[in-house]
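Heads up, the thing below is written out as structure tokens.
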Amino acid sequence: MIRYIENLRQFLDNVAEGYRLFVPRQRPEGWFFEPYGGAEVELEGYPNTVASPKEYLFPQNETLYRYEAGEEGLKYDNETAEQTGQVIFGARACDCAALTRLDKVFLEDDKDPYYARRRENTVMIGLVCPGAVAPSCFCTEVGLSPAGVAGMDLRATEVGEGLVIEEISDRGAALFGSPALKGGKSWREASAEEAAEAKRLQEAAERDMAPARDLAEIELEFDSPIWARESERCIGCGICAFLCPTCHCFTIEHSGSKKKGKAIRTWDTCQFQAYSLEASGFNPRPDREQRLKQRLYHKFKYFSDRYGMLLCIGCGRCVSACPVNIDIREILASFEREKSVTS
Amino acid sequence: MQTDEIKKLLADKLSKGELRAVIGYRRGTNPFFRRPLITSSAEELGELDFSPLGVENLCTYITDTVRKRRAGRRDPEEQYKPTAVVVRGCHSRALNVLLQEKVIPREELFVVGLPCRGVVDPHKAQALWHARAENRDPRNVVIDDEGLFELRNGQKVRLAEFEEIADERHGHCRTPNPLFYDVLVGEPVAEEPVAAEQQFSDVEEFLQKSPQQRWSFWSEQFSRCIRCYACKNICPACSCQECSLAKDTEQPLVADAKVRKTFWLGKQQDPANNAAYHINRALHLAGRCVSCGECERACPVGIPLLLLYRSVAKQVFDNYDYEAGMDAEVEPIMTRFSAEDSEDFMEE
Amino acid sequence: MTDPQDNSKKVAEARWQPKIIAFLCNWCSYAGADLAGVSRLQYPSSVRVIRVMCSGRMNPSFVIRAFQDGADGVMVAGCHPGDCHYIQGNLYARRRYALLAGLFDFLGIERDRFLMSWVSASEGGRFAQLVTELTDRVRALGPQTQLSGRDHANG
């Protein structure tokens, strides 16, 4: 069924009755996902959030297990607390597509129980973009769409004063079967006109972002001087990786004492020098040049070689947040130019 | 000297091998600020840009160069060729701090002074663009001394005056003109620096809050920190080869497991660890931070770091009548003491 | 890790005893503390002493880390100016800790939890008095929660 929500506040109130709900809110520092809290959600001028919603499935800090030495020996407790349901409202298509990439890493082969638990209990309500929402958006250049549905459970399109909601997955459909929403107080079936308008807007958004190039076609060159040139100004921080919706590297630290403590998984990044430091003291990527190369290769070659999809989803956060304007679109364009010159 | 002459001078010096590299600003793909240009190629110097969009403190690349040099082989006999660097007033103070601390000798710098009437705040400019532009294509952004414009059908349509996009955090500026230089771009500006006693009105305003309000504010700010270390990495004052606060990210000079065990902070991004990172760093910057504001500009989650570091600068000024980077000849303030230092904070 | 909820429970059960860390310089203040002990002066047993060679050796990071590890109060004591065994170590410390105290003020961190003073080798009574004062202040404030909760990697 295609539904229409006239009163977003009422709908979100209903959702919040049964789920932990996170919505985009504008702060002076930018837009961020925050717990709903009951206040009106203003979507006017909403671009994308500063930080991606990946933290709701892959938190920056996650306790993996706790241990305590007692009289009977070592007690060991996996963090298996029941994960209550959560709904992320207003995630953009790029960020939802990012989840399909994280799914490959965390769910294929050996399942990561921490990610799996959260993923099963999360409903992604994506919000269609009106076109490019930020100066650095380039989702269509990586084969995605501002109205795409990958990784989404429900797709919302702003039509008239409300939203048209389309079911994308079983999990999304099940949300409307939940006690909070079954009654249909805050939604109704969408009219044919409303559904058609949603489709029209989605197609217009795609046309607005017609891609200049297909970044999947670009061949990177390992020994190119481009790497040294572009990495010269890199300051080696973790902004690009930590804001990226698909970056998933982590480290595990133990804290506490021999008697009592825990293991904590935290985000790490290949952009930090110590990341690839080996126990012998050797570091295969000692300079920023190699680390920048690693980043681009992972996003545009290694991951796609293995899983058949680019790891970059074109949200552009790394481009707009980089304090020294390192722009991966530009780097890729340099390789495209190089190739066309030499071929 | 006019900008064309400066570009020619630098190109000449580079070609003759008198300079190792030139560090300046150039156009990038972000229309709201310029990007660093670090080049040893004279041809690229045509790109040099001296507009108010050049906001980065380029001295951080001087610090970087020295750190890399220390980590690699350094021939103590080798004379290093000077590096040219474009500096605004506050950046010249940063250079003074580096000179004071003997991070780099004066002979290895060729200072291109850039008098400054204020720089653009890229975040503000982007927000106003987003709010007021008809067609948000970033290729239509024009920013100059007059303000923010949108190119519509080849015409410049004003969206905001320069004052609206100017970085107001620089209202406390003490050095509109660089304190020293080898060449100066254009003429010194007539802007009056803020009087020393008036420069900390931002900190004074914050101190109106009660202690509970203050902690409520800062604990919320620190809880948003994602420990990306952009603030530290972009800061020119952070020249330590091994940062005690970021051992989880950097390779030690000596691969010694014991050294790596002495962590001051956990890697976890939680309120306590984050607060500790920021408090420790603020103390490390005492008498060294020149209020260039790069830390705050770089912070992806908008923590008001400049205010934090300026609170320490204010203490240093109030107690010791000292401002960071005003004079390269004096000893750094925290390496000194006075018999008359106040004991007001101590228990009787 | 100190969980704020654990803390209020603890205090309620009146089993909570404040943990005070005292960094004392070897030549004056540690000797002063020693004298307090030898003289059988009463002072709260909440204090844990860490001896450093000089107050000038004290890195403000130590104070912050003590709070992170759950200390409810921290004390730094050194020789009186002019008496420092290393001539001027305490004068560097004075400047450093003035900044730390001011920074705590600015951030709204409970200032009363941090105490710095001069204690000479003959001032056993003064040491006992300072510890008592700090303990009383900390007791009134309750368990420290602003900076505690640090989980540090043991490597």
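Residue numbering restarts at 1 in every chain; chains get A, B, ... in the order shown in the structure tokens, and ligands count up from 1 in that same order.
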Glu187 in chain B environment, 10 Å, only C-alpha atoms, sequence neighbours closer than 3 positions dropped, as a list of chain:residue names: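 The contact residues come out as B:Met1, B:Gln2, B:Leu114, B:Pro115, B:Asn177, B:Leu184, B:Ala190.
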Quick one: DSSP strand (DSSP E) residues in chain C, as a compact mmCIF listing (two decimals) with N, CA and C atoms, in the first residue's frame?
# COMPACT_ATOMS: atom_id res chain seq x y z
N ILE C 20 40.64 10.83 48.08
CA ILE C 20 41.45 12.03 47.84
C ILE C 20 42.84 11.56 47.43
N ILE C 21 43.34 12.08 46.33
CA ILE C 21 44.71 11.79 45.93
C ILE C 21 45.55 13.01 46.27
N ALA C 22 46.62 12.78 47.00
CA ALA C 22 47.50 13.90 47.36
C ALA C 22 48.87 13.68 46.73
N PHE C 23 49.25 14.59 45.84
CA PHE C 23 50.60 14.55 45.27
C PHE C 23 51.50 15.42 46.13
N LEU C 24 52.45 14.79 46.78
CA LEU C 24 53.30 15.52 47.72
C LEU C 24 54.75 15.47 47.29
N CYS C 25 55.43 16.61 47.42
CA CYS C 25 56.83 16.62 47.00
C CYS C 25 57.68 15.97 48.08
N VAL C 47 42.62 9.94 52.28
CA VAL C 47 43.68 10.44 51.40
C VAL C 47 44.66 9.34 51.03
N ARG C 48 44.98 9.30 49.73
CA ARG C 48 46.03 8.41 49.26
C ARG C 48 47.18 9.28 48.79
N VAL C 49 48.36 9.03 49.29
CA VAL C 49 49.49 9.90 49.00
C VAL C 49 50.31 9.34 47.85
N ILE C 50 50.68 10.20 46.92
CA ILE C 50 51.63 9.84 45.87
C ILE C 50 52.81 10.79 46.00
N ARG C 51 53.96 10.21 46.21
CA ARG C 51 55.15 11.05 46.42
C ARG C 51 55.82 11.34 45.09
N VAL C 52 56.07 12.61 44.81
CA VAL C 52 56.85 13.00 43.64
C VAL C 52 58.08 13.75 44.15
N GLY C 73 38.69 14.05 45.00
CA GLY C 73 39.40 15.30 45.27
C GLY C 73 40.88 15.08 45.00
N VAL C 74 41.58 16.14 44.60
CA VAL C 74 43.01 16.03 44.34
C VAL C 74 43.73 17.19 45.02
N MET C 75 44.83 16.85 45.65
CA MET C 75 45.63 17.87 46.33
C MET C 75 47.04 17.85 45.80
N VAL C 76 47.61 19.02 45.59
CA VAL C 76 49.01 19.12 45.18
C VAL C 76 49.70 20.00 46.21
N ALA C 77 50.77 19.48 46.77
CA ALA C 77 51.47 20.29 47.77
C ALA C 77 52.96 20.31 47.48
N GLY C 78 53.59 21.43 47.75
CA GLY C 78 55.03 21.57 47.51
C GLY C 78 55.68 22.41 48.59
N PHE C 114 39.77 20.58 43.90
CA PHE C 114 41.20 20.69 43.67
C PHE C 114 41.80 21.66 44.66
N LEU C 115 42.88 21.25 45.29
CA LEU C 115 43.51 22.10 46.29
C LEU C 115 45.01 22.11 46.07
N MET C 116 45.58 23.29 46.10
CA MET C 116 47.04 23.35 46.05
C MET C 116 47.53 24.22 47.20
N SER C 117 48.60 23.78 47.82
CA SER C 117 49.12 24.58 48.92
C SER C 117 50.60 24.28 49.14
N TRP C 118 51.21 25.10 49.98
CA TRP C 118 52.60 24.84 50.38
C TRP C 118 52.59 24.21 51.77
query: Taking only C-alpha atoms into account, which residues of chain A are within 9 Å of chain B, as a ChimeraX atom specification?
result: /A:28-30,45,47,50-51,60-62,132-136,229,232-233,235-243,253,255,264-269,271-275,277,279-283,286,319-327,330
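For the atom pair formed by CA of Gln199 in chain B and CA of Cys173 in chain B, the distance is 7.4 Å, given to one decimal.
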- prompt: Using only C-alpha atoms, which of A:Pro113, A:Gly256, A:Gly308, A:Pro284 sits nearest chain C?
  reply: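 Going through A:Pro113, A:Gly256, A:Gly308, A:Pro284 one by one, the smallest distance to chain C is for A:Gly256.
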Every residue of range 70-123 of chain C that DSSP places in helix (DSSP H, G or I), as a ChimeraX atom specification: /C:89-107,111-113
query: Which residues, written as a list in words, have at least one atom at most 8 Å from range 137-143 of chain A, with only C-alpha atoms counted and residues fewer than 4 positions away on the same chain left out?
result: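 Answer for this query is Cys94, Ala132, Val133, Glu206, Met209, Ala210, Pro211, Ala212, Arg213, Asp214, Leu215, Ala216, Leu310, Cys312, Ile313, Gly314, Cys315 and Gly316 of chain A.
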Selected residues written out with N, CA and C atoms, as a compact mmCIF listing (two decimals), in the first residue's frame:
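To be explicit, this is the file written out as selection.txt:
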# COMPACT_ATOMS: atom_id res chain seq x y z
N CYS A 94 21.39 8.08 -0.10
CA CYS A 94 22.79 7.68 -0.08
C CYS A 94 23.13 6.95 1.21
N ALA A 132 20.17 17.74 -5.80
CA ALA A 132 21.38 17.78 -4.99
C ALA A 132 21.11 18.66 -3.77
N VAL A 133 21.27 18.12 -2.56
CA VAL A 133 20.94 18.89 -1.37
C VAL A 133 22.15 19.61 -0.79
N GLU A 206 16.11 12.94 -10.03
CA GLU A 206 17.13 12.19 -10.77
C GLU A 206 17.63 12.97 -11.97
N MET A 209 20.03 15.64 -11.14
CA MET A 209 21.37 15.20 -10.79
C MET A 209 21.97 14.28 -11.85
N ALA A 210 21.59 14.50 -13.11
CA ALA A 210 22.13 13.65 -14.17
C ALA A 210 23.66 13.65 -14.10
N PRO A 211 24.25 12.48 -14.03
CA PRO A 211 25.70 12.43 -13.75
C PRO A 211 26.55 12.84 -14.93
N ALA A 212 27.67 13.50 -14.61
CA ALA A 212 28.62 13.89 -15.66
C ALA A 212 29.51 12.71 -16.02
N ARG A 213 29.64 11.77 -15.11
CA ARG A 213 30.54 10.64 -15.36
C ARG A 213 30.13 9.46 -14.48
N ASP A 214 30.67 8.30 -14.82
CA ASP A 214 30.44 7.12 -13.99
C ASP A 214 31.76 6.80 -13.29
N LEU A 215 31.80 7.03 -12.00
CA LEU A 215 33.07 6.87 -11.28
C LEU A 215 33.51 5.42 -11.21
N ALA A 216 32.59 4.49 -11.44
CA ALA A 216 32.97 3.08 -11.41
C ALA A 216 33.86 2.73 -12.60
N LEU A 310 30.46 -0.23 -5.45
CA LEU A 310 31.41 0.74 -4.92
C LEU A 310 31.14 0.96 -3.44
N CYS A 312 31.97 3.78 -1.96
CA CYS A 312 31.57 5.18 -1.87
C CYS A 312 30.14 5.33 -2.36
N ILE A 313 29.30 6.05 -1.61
CA ILE A 313 27.91 6.21 -2.02
C ILE A 313 27.59 7.65 -2.40
N GLY A 314 28.61 8.47 -2.53
CA GLY A 314 28.44 9.79 -3.12
C GLY A 314 27.74 10.83 -2.26
N CYS A 315 27.81 10.71 -0.94
CA CYS A 315 27.13 11.70 -0.09
C CYS A 315 27.89 13.02 -0.06
N GLY A 316 29.20 12.98 -0.30
CA GLY A 316 29.97 14.21 -0.35
C GLY A 316 30.38 14.79 0.98
Spatial neighbours of Gly32 in chain C, max dist 8 Å, only C-alpha atoms, sep filter under 4 positions, as a PyMOL selection string: chain C and resi 28+36+119-124+127
Against chain C, which residues of chain B fall within 8 Å? For each one I want the closest pair of atoms and the distance in Å (one decimal), counting only C-alpha atoms, rows by chain and increasing residue number, as a tab-separated table.
residue	atom	partner	partner_atom	distance
B:Leu207	CA	C:Phe106	CA	6.8
B:Ser210	CA	C:Gly108	CA	7.7
B:Pro211	CA	C:Gly108	CA	4.2
B:Gln212	CA	C:Gly108	CA	6.0
B:Gln213	CA	C:Gly108	CA	7.4
B:Arg214	CA	C:Gly108	CA	4.9
B:Trp215	CA	C:Gly108	CA	4.4
B:Ser216	CA	C:Gly108	CA	8.0
B:Trp218	CA	C:Leu107	CA	6.4
B:Arg260	CA	C:Gly155	CA	7.6
B:Lys261	CA	C:Gly155	CA	5.1
B:Phe263	CA	C:Ala153	CA	6.9
B:Trp264	CA	C:Arg65	CA	6.9
B:Leu265	CA	C:His152	CA	6.0
B:Gly266	CA	C:His152	CA	4.5
B:Lys267	CA	C:His152	CA	7.9
B:Gln268	CA	C:Asp151	CA	7.7
B:Pro271	CA	C:Leu147	CA	7.8
B:Ala272	CA	C:Leu147	CA	4.9
B:Asn273	CA	C:Arg150	CA	5.8
B:Ala275	CA	C:Leu147	CA	7.0
B:Ala276	CA	C:Ile64	CA	6.7
B:Ile279	CA	C:Leu103	CA	7.8
B:Asn280	CA	C:Ser61	CA	6.3
B:Leu283	CA	C:Leu100	CA	7.2
B:Ser311	CA	C:Phe106	CA	7.1
B:Val312	CA	C:Leu103	CA	6.7
B:Gln315	CA	C:Leu99	CA	6.9
B:Val316	CA	C:Leu99	CA	7.8
B:Met334	CA	C:Arg96	CA	7.4
B:Thr335	CA	C:Tyr92	CA	7.5
B:Arg336	CA	C:Tyr92	CA	6.9
B:Phe337	CA	C:Tyr92	CA	5.8
B:Ser338	CA	C:Leu91	CA	7.4
B:Ala339	CA	C:Leu91	CA	7.5
B:Asp341	CA	C:Arg95	CA	6.9
B:Ser342	CA	C:Ala98	CA	7.9
B:Glu343	CA	C:Arg94	CA	7.4
B:Phe345	CA	C:Ala98	CA	6.1
B:Met346	CA	C:Met116	CA	5.2
B:Glu347	CA	C:Ser117	CA	5.2
B:Glu348	CA	C:Ser117	CA	7.0
Shortest interatomic distance to chain C - which of A:Gln294, A:Lys199, A:Val23, A:Ile252, counting only C-alpha atoms: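 Among A:Gln294, A:Lys199, A:Val23, A:Ile252, it is A:Ile252 that comes nearest to chain C.
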message: I'd like the interatomic distance between CA of Thr175 in chain B and CA of Met326 in chain B, to a tenth of an Å.
response: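 Atom-to-atom, CA of Thr175 in chain B to CA of Met326 in chain B, that is 9.0 Å.
Pairwise distance (CA of Arg169 in chain B, CA of Gly293 in chain B) equals 7.6 Å.
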- prompt: Contacts of Leu74 in chain A at 10 Å or less, counting only C-alpha atoms, minus same-chain residues fewer than 3 places along, as number ranges by chain?
  reply: A: 67-71, 77, 258-260
Would you mind exporting the chosen residues as an mmCIF file, in the first residue's frame, restricted to C-alpha atoms?
data_model
loop_
_atom_site.group_PDB
_atom_site.id
_atom_site.type_symbol
_atom_site.label_atom_id
_atom_site.label_comp_id
_atom_site.auth_asym_id
_atom_site.auth_seq_id
_atom_site.Cartn_x
_atom_site.Cartn_y
_atom_site.Cartn_z
ATOM 1 C CA TYR A 67 34.397 -9.782 32.584
ATOM 2 C CA GLU A 68 34.787 -10.068 36.325
ATOM 3 C CA ALA A 69 37.068 -12.267 38.390
ATOM 4 C CA GLY A 70 35.224 -13.731 41.332
ATOM 5 C CA GLU A 71 35.624 -16.581 43.767
ATOM 6 C CA ASP A 77 29.224 -11.692 29.958
ATOM 7 C CA LYS A 258 42.686 -7.998 35.801
ATOM 8 C CA LYS A 259 39.739 -8.236 38.142
ATOM 9 C CA LYS A 260 37.059 -6.428 36.257
#
- prompt: Could you pull the residues within 6 Å of range 124-129 of chain A, counting only C-alpha atoms, minus those fewer than 4 positions along the same chain, as a PyMOL selection string?
  reply: chain A and resi 88-92+146-147+152-157
- request: Might you pull out every residue within 12 Å of Phe303 in chain A, with only C-alpha atoms counted and same-chain residues fewer than 3 positions away left off, and present them as a PyMOL selection string?
  value: chain A and resi 101-102+104-105+216+246-247+294-300+306-312
For the selection just defined, write its residues with C-alpha atoms to a file, as a PDB file, in the first residue's frame.
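Result file follows (again.pdb):
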ATOM      1  CA  ARG A 101      27.608  -1.930   1.926  1.00  0.00           C
ATOM      2  CA  LEU A 102      27.905  -2.373   5.685  1.00  0.00           C
ATOM      3  CA  LYS A 104      28.245  -7.019   3.113  1.00  0.00           C
ATOM      4  CA  VAL A 105      30.989  -6.508   5.675  1.00  0.00           C
ATOM      5  CA  ALA A 216      32.971   3.081 -11.412  1.00  0.00           C
ATOM      6  CA  THR A 246      30.404   3.366   4.758  1.00  0.00           C
ATOM      7  CA  CYS A 247      33.716   3.498   6.621  1.00  0.00           C
ATOM      8  CA  GLN A 294      44.380   3.348   0.472  1.00  0.00           C
ATOM      9  CA  ARG A 295      41.205   5.314   1.057  1.00  0.00           C
ATOM     10  CA  LEU A 296      40.502   5.835  -2.624  1.00  0.00           C
ATOM     11  CA  TYR A 297      41.396   2.282  -3.530  1.00  0.00           C
ATOM     12  CA  HIS A 298      39.175   0.836  -0.843  1.00  0.00           C
ATOM     13  CA  LYS A 299      36.217   2.966  -1.896  1.00  0.00           C
ATOM     14  CA  PHE A 300      36.612   2.575  -5.630  1.00  0.00           C
ATOM     15  CA  ARG A 306      35.085  -8.173  -3.899  1.00  0.00           C
ATOM     16  CA  TYR A 307      31.424  -7.308  -3.592  1.00  0.00           C
ATOM     17  CA  GLY A 308      30.446  -5.877  -6.949  1.00  0.00           C
ATOM     18  CA  MET A 309      29.464  -2.441  -5.645  1.00  0.00           C
ATOM     19  CA  LEU A 310      31.415   0.744  -4.916  1.00  0.00           C
ATOM     20  CA  LEU A 311      32.006   1.456  -1.239  1.00  0.00           C
ATOM     21  CA  CYS A 312      31.567   5.178  -1.874  1.00  0.00           C
TER      22      CYS A 312
END
